[in-house]
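Novice: Okay, handing you the structure first.
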Amino acid sequence: MRNLQGSTIQSSMLVQIIHDILQRFDIPITKLRGQCYDGCSSMSGSKGGVAVELQKEEPRALYSHCYGHALNLACSDAVKKCKIMRDALDSCYELIKLVKKSPRRDAMLQKLKQQMPDDSPGIRVLCPTRWTVRAEALHSILANYEVVQSLLEESIDCVRDTEMRSRIQGISACMTTFDFFFGVSLGELLLNHSDNLSRALQASSISAAEGQKIANMTVKTLQAIRTDNLMNLNCFGYLLARKRKMLKLMSLPFLGDESNQEGILQLFDQPGYRMYTNLEALLVKAVNNDKFDEGLNIVADFYKDDINREQLNMQLSILSSNISCEPTHELHTVIKYLQGLSPPQRLLLSEITWAKASTPVAVTSVPNLLAVESSRK
């Protein structure tokens with residue numbers, strides 16, 4: 001692979017490099033069936049991005065926005081709309097820099113922690129660009145809240161640099177406010193769910209449809225959290241006792257807000273993944289003896305000469321008759337069954353299990369379902 005440096009990399013240059021690499025490996029562009037990039041304009045722009053340019057040459061080269069990157073963008077967009085969380089996270093980032101980038105203050109923190117009776121975790125680094133690994137960092141601040149406050153108070157007397165002293169005093173004052181504590185607590189509560197979703201999306205066995213399902217589960221959970229029951233949490237009870245006025249919780253535009261829920265779901269509802277979902281649904285409906293004519297037509301019309309419609313229809317009936325009887329079949333049980341077939345059995349289900357002889361492995365029709373789902377990890 002090539003190491004591209006520079007701030008002005010055109011999509012045409014990237015397309016040319018991709019063509020060059022495919023040519024070196026003797027892989028024709030007509031065999032391309034999937035593309036997965038982040039959301040930058042040069043790669044996924046709707047008018048002149050790499051994905052669009054390659055699809056002009058091979059329409060079956062489905063583009064999919066990386067689920068992990070999509071989740072990161074969804075969290076970023078949602079949190080930036082909530083001022084109290086945005087300000088709290090900015091202050092947390094400054095706080096962690098003051099502690100972790102100073103060996104002296106880091107040593108002072110460890111010394112103070114030894115004097116505390118509880119076994120709280122150390123301060124975790126807060127990544128400024130990744131939004132799906134922040135819950136643990138926020139939890140570490142809450143778990144060490146009093147220790148960090150003591151550390152900042154002691155540090156003020158030890159620092160001679162005027163600018164550094166002002167920064168420490170500013171963060172120390174910020175930690176005494178209601179808005180900071182509430183913003184960190186709320187951030188930890190909500191980002192815990194996005195972190196959990198991120199870990200689930202990284203599983204090697206997850207499929208496109210399952211990724212959308214667990215994203216919907218997370219959104220429903222955030223909707224359930226967005227109620228007055230949030231006020232019953234211990235941390236918020238402590239805060240309300242300190243600040244005697246009712247919070248208008250329902251007006252906070254955090255991750256449970258309807259506009260942000262739509263933003264999360266839109267990032268996970270991509271045209272490329274819709275076709276992958278159709279492929280998965282075709283297999284699942286076939287083995288569950290449900291009608292799949294419509295799904296078969298969608299898949300056959302899109303992949304064209306990749307598959308033989310009549311052969312695939314016949315082989316799906318063979319699969320349905322021979323897979324082990326269970327009340328309901330999910331995709332992972334179908335994949336497990338197909339992976340356990342012997343070579344002659346795979347030949348009997350050639351339209352489902354592997355590519356045609358004239359097509360390289362992992363680039364065709366329904367077998368592409370297994371290949372695409374593993375290659376995009």
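Identifiers in this document derive from the order of the structure tokens: chains are assigned A, B, ..., residues are numbered from 1 separately in each chain, and ligands are numbered from 1 in order of occurrence.
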When DSSP works through the backbone of this structure, what residues of region 48-226 of chain A end up as strand (DSSP E or B), shown as a JSON list (two decimals) with C-alpha atoms, in the first residue's frame?
Specialist:
```json
[["chain", "number", "residue", "atom", "x", "y", "z"],
["A", 62, "LEU", "CA", -21.84, -1.43, -2.70],
["A", 63, "TYR", "CA", -20.55, 1.36, -0.48],
["A", 64, "SER", "CA", -21.05, 1.13, 3.27],
["A", 65, "HIS", "CA", -20.09, 3.67, 5.89]]
```
Novice: Excluding region 28-44 of chain A and its own-chain neighbours fewer than 4 positions away, which residues fall within 7 Å of it when counting only C-alpha atoms? Please give them as a list in words.
Specialist: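 Those residues are Gln10, Ser11, Leu22, Gln23, Gly49, Val50, Ala51, Glu58, Arg60, Ala61, Leu62, Tyr63, Ser64, His65, Cys66, His69, Val363, Val372 and Arg376 of chain A.
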Novice: I'd like to know which of A:Glu153, A:Arg24, A:Asp179, A:Arg124 is closest to Lys83 (chain A), using only C-alpha atoms.
Specialist: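 Comparing A:Glu153, A:Arg24, A:Asp179, A:Arg124 against Lys83 (chain A), the winner is A:Asp179.
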Novice: Taking only C-alpha atoms into account, name the residue in A:Ala78, A:Leu316, A:Val15, A:Val147 that is nearest to Leu348 (chain A).
Specialist: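 Looking only at the distances to Leu348 (chain A), the closest residue turns out to be A:Leu316.
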Novice: If DSSP is run on the backbone, what residues of region 27-65 of chain A are alpha helix (DSSP H)? A reply as a list in words would be ideal.
Specialist: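 Filtering region 27-65 of chain A to alpha helix (DSSP H) leaves Ser41, Ser42, Met43, Ser44, Val50, Ala51, Val52, Glu53, Leu54, Gln55, Lys56 and Glu57 of chain A.
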Novice: Find the residues near Met164 (chain A): any atom within 12 Å, counting only C-alpha atoms, skip ones fewer than 5 places away on the same chain, and give them as a list of chain:residue names.
Specialist: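 Result of the neighbour search: A:Glu94, A:Leu95, A:Lys97, A:Leu98, A:Val99, A:Ser102, A:Leu152, A:Ser155, A:Ile156, A:Asp157, A:Cys158, A:Val159, A:Gln169, A:Gly170, A:Ile171.
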Novice: How about saving the chosen residues, all heavy atoms kept, as a CSV table (one decimal), in the first residue's frame?
Specialist:
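selection.csv, freshly written:
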```csv
chain,number,residue,atom,x,y,z
A,94,GLU,N,-9.4,19.1,29.6
A,94,GLU,CA,-8.4,20.0,30.2
A,94,GLU,C,-7.9,19.5,31.5
A,94,GLU,O,-6.7,19.5,31.8
A,94,GLU,CB,-9.0,21.4,30.3
A,94,GLU,CG,-8.1,22.4,31.0
A,94,GLU,CD,-6.9,22.8,30.2
A,94,GLU,OE1,-6.8,22.4,29.0
A,94,GLU,OE2,-6.0,23.4,30.8
A,95,LEU,N,-8.8,19.0,32.3
A,95,LEU,CA,-8.4,18.4,33.6
A,95,LEU,C,-7.5,17.2,33.4
A,95,LEU,O,-6.5,17.1,34.1
A,95,LEU,CB,-9.7,17.9,34.4
A,95,LEU,CG,-9.5,17.1,35.6
A,95,LEU,CD1,-8.7,17.8,36.7
A,95,LEU,CD2,-10.8,16.6,36.1
A,97,LYS,N,-5.6,16.5,30.9
A,97,LYS,CA,-4.3,17.0,30.4
A,97,LYS,C,-3.4,17.5,31.6
A,97,LYS,O,-2.2,17.3,31.6
A,97,LYS,CB,-4.5,18.1,29.4
A,97,LYS,CG,-4.9,17.6,28.0
A,97,LYS,CD,-4.6,18.6,26.9
A,97,LYS,CE,-5.3,19.9,27.2
A,97,LYS,NZ,-5.1,20.9,26.1
A,98,LEU,N,-4.0,18.3,32.5
A,98,LEU,CA,-3.3,18.8,33.6
A,98,LEU,C,-2.7,17.7,34.5
A,98,LEU,O,-1.6,17.9,35.0
A,98,LEU,CB,-4.2,19.7,34.4
A,98,LEU,CG,-4.6,21.1,33.8
A,98,LEU,CD1,-5.6,21.8,34.7
A,98,LEU,CD2,-3.4,22.0,33.6
A,99,VAL,N,-3.4,16.6,34.6
A,99,VAL,CA,-3.0,15.6,35.5
A,99,VAL,C,-2.0,14.6,34.8
A,99,VAL,O,-0.9,14.3,35.3
A,99,VAL,CB,-4.2,14.8,36.1
A,99,VAL,CG1,-3.7,13.6,36.9
A,99,VAL,CG2,-5.1,15.7,36.9
A,102,SER,N,1.6,15.8,33.4
A,102,SER,CA,2.5,16.3,34.4
A,102,SER,C,2.9,15.2,35.3
A,102,SER,O,2.1,14.7,36.2
A,102,SER,CB,1.9,17.4,35.2
A,102,SER,OG,2.7,17.8,36.3
A,152,LEU,N,-5.8,19.4,42.9
A,152,LEU,CA,-5.8,20.8,42.3
A,152,LEU,C,-5.5,21.8,43.3
A,152,LEU,O,-4.7,22.8,43.0
A,152,LEU,CB,-7.1,21.0,41.6
A,152,LEU,CG,-7.4,20.1,40.3
A,152,LEU,CD1,-8.8,20.5,39.8
A,152,LEU,CD2,-6.3,20.3,39.3
A,155,SER,N,-1.9,21.6,44.1
A,155,SER,CA,-1.0,22.0,42.9
A,155,SER,C,-0.9,23.5,42.7
A,155,SER,O,0.1,24.0,42.3
A,155,SER,CB,-1.6,21.4,41.6
A,155,SER,OG,-1.6,20.0,41.7
A,156,ILE,N,-2.0,24.2,43.1
A,156,ILE,CA,-2.0,25.7,43.0
A,156,ILE,C,-0.8,26.3,43.8
A,156,ILE,O,-0.1,27.2,43.3
A,156,ILE,CB,-3.3,26.3,43.5
A,156,ILE,CG1,-4.4,25.9,42.5
A,156,ILE,CG2,-3.2,27.8,43.5
A,156,ILE,CD1,-5.8,26.3,43.0
A,157,ASP,N,-0.5,25.8,45.0
A,157,ASP,CA,0.6,26.3,45.8
A,157,ASP,C,2.0,25.9,45.3
A,157,ASP,O,2.9,26.5,45.6
A,157,ASP,CB,0.4,25.8,47.2
A,157,ASP,CG,-0.9,26.2,47.8
A,157,ASP,OD1,-1.4,27.3,47.5
A,157,ASP,OD2,-1.5,25.5,48.7
A,158,CYS,N,2.0,24.8,44.4
A,158,CYS,CA,3.3,24.3,44.0
A,158,CYS,C,3.7,24.9,42.6
A,158,CYS,O,4.9,24.8,42.2
A,158,CYS,CB,3.3,22.8,43.9
A,158,CYS,SG,2.9,22.0,45.4
A,159,VAL,N,2.8,25.5,41.9
A,159,VAL,CA,3.1,26.0,40.5
A,159,VAL,C,3.4,27.5,40.6
A,159,VAL,O,2.8,28.3,41.2
A,159,VAL,CB,1.8,25.8,39.6
A,159,VAL,CG1,2.1,26.4,38.3
A,159,VAL,CG2,1.5,24.3,39.5
A,169,GLN,N,-6.5,26.8,38.5
A,169,GLN,CA,-7.6,27.5,39.3
A,169,GLN,C,-8.9,27.4,38.6
A,169,GLN,O,-10.0,27.3,39.2
A,169,GLN,CB,-7.1,28.9,39.6
A,169,GLN,CG,-6.0,29.1,40.6
A,169,GLN,CD,-5.6,30.5,40.7
A,169,GLN,OE1,-5.7,31.3,39.8
A,169,GLN,NE2,-5.0,30.8,41.9
A,170,GLY,N,-8.8,27.6,37.2
A,170,GLY,CA,-10.1,27.5,36.5
A,170,GLY,C,-10.8,26.2,36.5
A,170,GLY,O,-12.0,26.1,36.8
A,171,ILE,N,-10.0,25.1,36.4
A,171,ILE,CA,-10.6,23.8,36.5
A,171,ILE,C,-11.1,23.5,37.9
A,171,ILE,O,-12.1,22.9,38.1
A,171,ILE,CB,-9.6,22.7,36.0
A,171,ILE,CG1,-9.3,22.9,34.5
A,171,ILE,CG2,-10.1,21.3,36.3
A,171,ILE,CD1,-10.5,22.7,33.6
```
Novice: What are the nearest atom pairs, with distances in Å to one decimal, for all residues of region 291-346 of chain A that come at most 12 Å from region 203-224 of chain A, using only C-alpha atoms, set out by chain and rising residue number as a tab-separated table?
Specialist:
```
residue	atom	partner	partner_atom	distance
A:Glu330	CA	A:Glu210	CA	10.1
A:Leu331	CA	A:Ser207	CA	8.2
A:His332	CA	A:Ser205	CA	7.7
A:Thr333	CA	A:Ser205	CA	11.2
A:Ile335	CA	A:Ser205	CA	9.9
A:Lys336	CA	A:Ser205	CA	10.7
```
Novice: So that I can check the surroundings of region 188-191 of chain A, please list as a VMD selection string every protein, DNA and RNA residue that reaches within 8 Å of it, counting only C-alpha atoms and ignoring chain neighbours fewer than 2 positions away.
Specialist: chain A and resid 131 to 132 134 to 136 138 to 139 184 to 186 193 to 195 222 255
Novice: Could you write those residues out with N, CA and C atoms, as a CSV table (one decimal), in the first residue's frame?
Specialist:
```
chain,number,residue,atom,x,y,z
A,131,TRP,N,-15.5,9.3,20.3
A,131,TRP,CA,-16.6,9.5,21.2
A,131,TRP,C,-17.1,8.3,21.9
A,132,THR,N,-16.7,7.1,21.4
A,132,THR,CA,-17.2,5.9,21.9
A,132,THR,C,-16.3,5.2,22.9
A,134,ARG,N,-15.4,7.1,25.9
A,134,ARG,CA,-15.3,8.2,26.8
A,134,ARG,C,-16.0,7.9,28.2
A,135,ALA,N,-16.8,6.9,28.2
A,135,ALA,CA,-17.5,6.6,29.5
A,135,ALA,C,-16.6,6.3,30.6
A,136,GLU,N,-15.6,5.4,30.3
A,136,GLU,CA,-14.6,5.0,31.4
A,136,GLU,C,-13.8,6.2,31.9
A,138,LEU,N,-14.9,9.4,32.0
A,138,LEU,CA,-15.8,10.1,32.8
A,138,LEU,C,-16.0,9.4,34.2
A,139,HIS,N,-16.1,8.1,34.1
A,139,HIS,CA,-16.3,7.4,35.4
A,139,HIS,C,-15.1,7.5,36.3
A,184,VAL,N,-20.9,15.8,33.6
A,184,VAL,CA,-20.1,14.6,33.7
A,184,VAL,C,-20.9,13.4,34.0
A,185,SER,N,-21.8,13.5,35.0
A,185,SER,CA,-22.6,12.4,35.4
A,185,SER,C,-23.6,11.9,34.2
A,186,LEU,N,-24.2,12.9,33.6
A,186,LEU,CA,-25.1,12.6,32.5
A,186,LEU,C,-24.3,12.0,31.3
A,193,HIS,N,-23.8,3.7,27.1
A,193,HIS,CA,-24.6,2.9,26.2
A,193,HIS,C,-24.0,2.9,24.8
A,194,SER,N,-23.4,4.1,24.4
A,194,SER,CA,-22.8,4.1,23.1
A,194,SER,C,-21.5,3.3,23.1
A,195,ASP,N,-20.8,3.3,24.2
A,195,ASP,CA,-19.6,2.4,24.3
A,195,ASP,C,-19.9,1.0,24.2
A,222,LEU,N,-32.2,4.6,25.3
A,222,LEU,CA,-32.0,6.0,25.6
A,222,LEU,C,-33.4,6.7,25.7
A,255,LEU,N,-28.7,12.6,24.0
A,255,LEU,CA,-28.8,11.5,23.1
A,255,LEU,C,-30.2,10.9,23.0
```
Novice: Do you have the CA of Ala74 (chain A)-CA of Leu279 (chain A) distance handy?
Specialist: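 Pair CA of Ala74 (chain A) / CA of Leu279 (chain A) returns 26.3 Å.
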Novice: Any idea what the distance is between CA of Leu282 (chain A) and CA of Gly295 (chain A)?
Specialist: 5.7 Å
Novice: Got a sec: who's within 10 Å of region 172-178 of chain A, counting only C-alpha atoms, leaving out chain neighbours fewer than 4 positions off, as a short mmCIF file (atom, residue, chain, number, x, y, z; two decimals) with N, CA, C and O atoms, in the first residue's frame?
Specialist:
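Output file out.cif is given in full below:
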```
data_model
loop_
_atom_site.label_atom_id
_atom_site.label_comp_id
_atom_site.auth_asym_id
_atom_site.auth_seq_id
_atom_site.Cartn_x
_atom_site.Cartn_y
_atom_site.Cartn_z
N ALA A 88 -18.88 20.37 29.87
CA ALA A 88 -18.32 19.46 30.88
C ALA A 88 -17.22 18.59 30.27
O ALA A 88 -16.17 18.38 30.88
N SER A 91 -14.06 20.60 29.75
CA SER A 91 -13.36 20.80 31.03
C SER A 91 -12.68 19.51 31.47
O SER A 91 -11.57 19.55 32.03
N CYS A 92 -13.32 18.36 31.22
CA CYS A 92 -12.70 17.07 31.57
C CYS A 92 -11.43 16.85 30.78
O CYS A 92 -10.43 16.35 31.31
N LEU A 95 -8.81 18.95 32.32
CA LEU A 95 -8.44 18.38 33.61
C LEU A 95 -7.49 17.21 33.44
O LEU A 95 -6.46 17.11 34.13
N TYR A 145 -13.38 12.07 42.37
CA TYR A 145 -13.76 13.49 42.37
C TYR A 145 -13.10 14.26 43.51
O TYR A 145 -12.44 15.29 43.31
N GLU A 146 -13.24 13.76 44.72
CA GLU A 146 -12.68 14.48 45.87
C GLU A 146 -11.16 14.46 45.85
O GLU A 146 -10.50 15.44 46.24
N VAL A 148 -9.24 14.39 43.16
CA VAL A 148 -8.80 15.35 42.13
C VAL A 148 -8.94 16.78 42.64
O VAL A 148 -8.06 17.62 42.39
N GLN A 149 -10.02 17.05 43.35
CA GLN A 149 -10.18 18.40 43.92
C GLN A 149 -9.04 18.72 44.89
O GLN A 149 -8.50 19.84 44.87
N SER A 150 -8.69 17.76 45.73
CA SER A 150 -7.57 17.97 46.66
C SER A 150 -6.26 18.15 45.90
O SER A 150 -5.43 18.99 46.27
N LEU A 151 -6.08 17.38 44.84
CA LEU A 151 -4.87 17.50 44.02
C LEU A 151 -4.75 18.90 43.43
O LEU A 151 -3.66 19.51 43.47
N LEU A 152 -5.82 19.43 42.88
CA LEU A 152 -5.78 20.76 42.26
C LEU A 152 -5.49 21.84 43.30
O LEU A 152 -4.74 22.79 43.03
N GLU A 153 -6.06 21.69 44.49
CA GLU A 153 -5.82 22.68 45.55
C GLU A 153 -4.34 22.68 45.97
O GLU A 153 -3.75 23.75 46.18
N ILE A 156 -1.97 24.24 43.14
CA ILE A 156 -1.95 25.70 42.99
C ILE A 156 -0.78 26.30 43.77
O ILE A 156 -0.11 27.23 43.31
N SER A 166 -3.30 29.66 36.48
CA SER A 166 -4.64 30.12 36.10
C SER A 166 -5.47 28.95 35.55
O SER A 166 -6.67 28.85 35.83
N ARG A 167 -4.84 28.09 34.77
CA ARG A 167 -5.55 26.92 34.23
C ARG A 167 -6.02 26.00 35.35
O ARG A 167 -7.15 25.52 35.35
N ILE A 168 -5.14 25.76 36.33
CA ILE A 168 -5.50 24.88 37.45
C ILE A 168 -6.61 25.51 38.28
O ILE A 168 -7.57 24.82 38.68
N PHE A 182 -23.04 17.68 36.96
CA PHE A 182 -24.20 17.12 36.28
C PHE A 182 -23.85 16.70 34.85
O PHE A 182 -24.25 15.64 34.38
N GLY A 183 -23.08 17.53 34.14
CA GLY A 183 -22.69 17.21 32.77
C GLY A 183 -21.84 15.96 32.70
O GLY A 183 -22.03 15.12 31.81
N LEU A 239 -26.97 16.11 43.57
CA LEU A 239 -26.88 17.41 42.90
C LEU A 239 -28.09 18.28 43.19
O LEU A 239 -27.97 19.47 43.45
N LEU A 240 -29.27 17.69 43.16
CA LEU A 240 -30.49 18.46 43.40
C LEU A 240 -30.54 18.99 44.83
O LEU A 240 -31.11 20.03 45.10
N ARG A 242 -28.00 20.06 46.34
CA ARG A 242 -27.10 21.22 46.38
C ARG A 242 -27.68 22.40 45.63
O ARG A 242 -27.40 23.54 45.95
N LYS A 243 -28.48 22.11 44.61
CA LYS A 243 -29.03 23.19 43.81
C LYS A 243 -30.55 23.08 43.84
O LYS A 243 -31.14 22.25 43.16
#
```
Novice: How many Å lie between CA of Ile27 (chain A) and CA of Leu14 (chain A), rounded to one decimal?
Specialist: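 We find that CA of Ile27 (chain A) and CA of Leu14 (chain A) lie 16.9 Å from each other.
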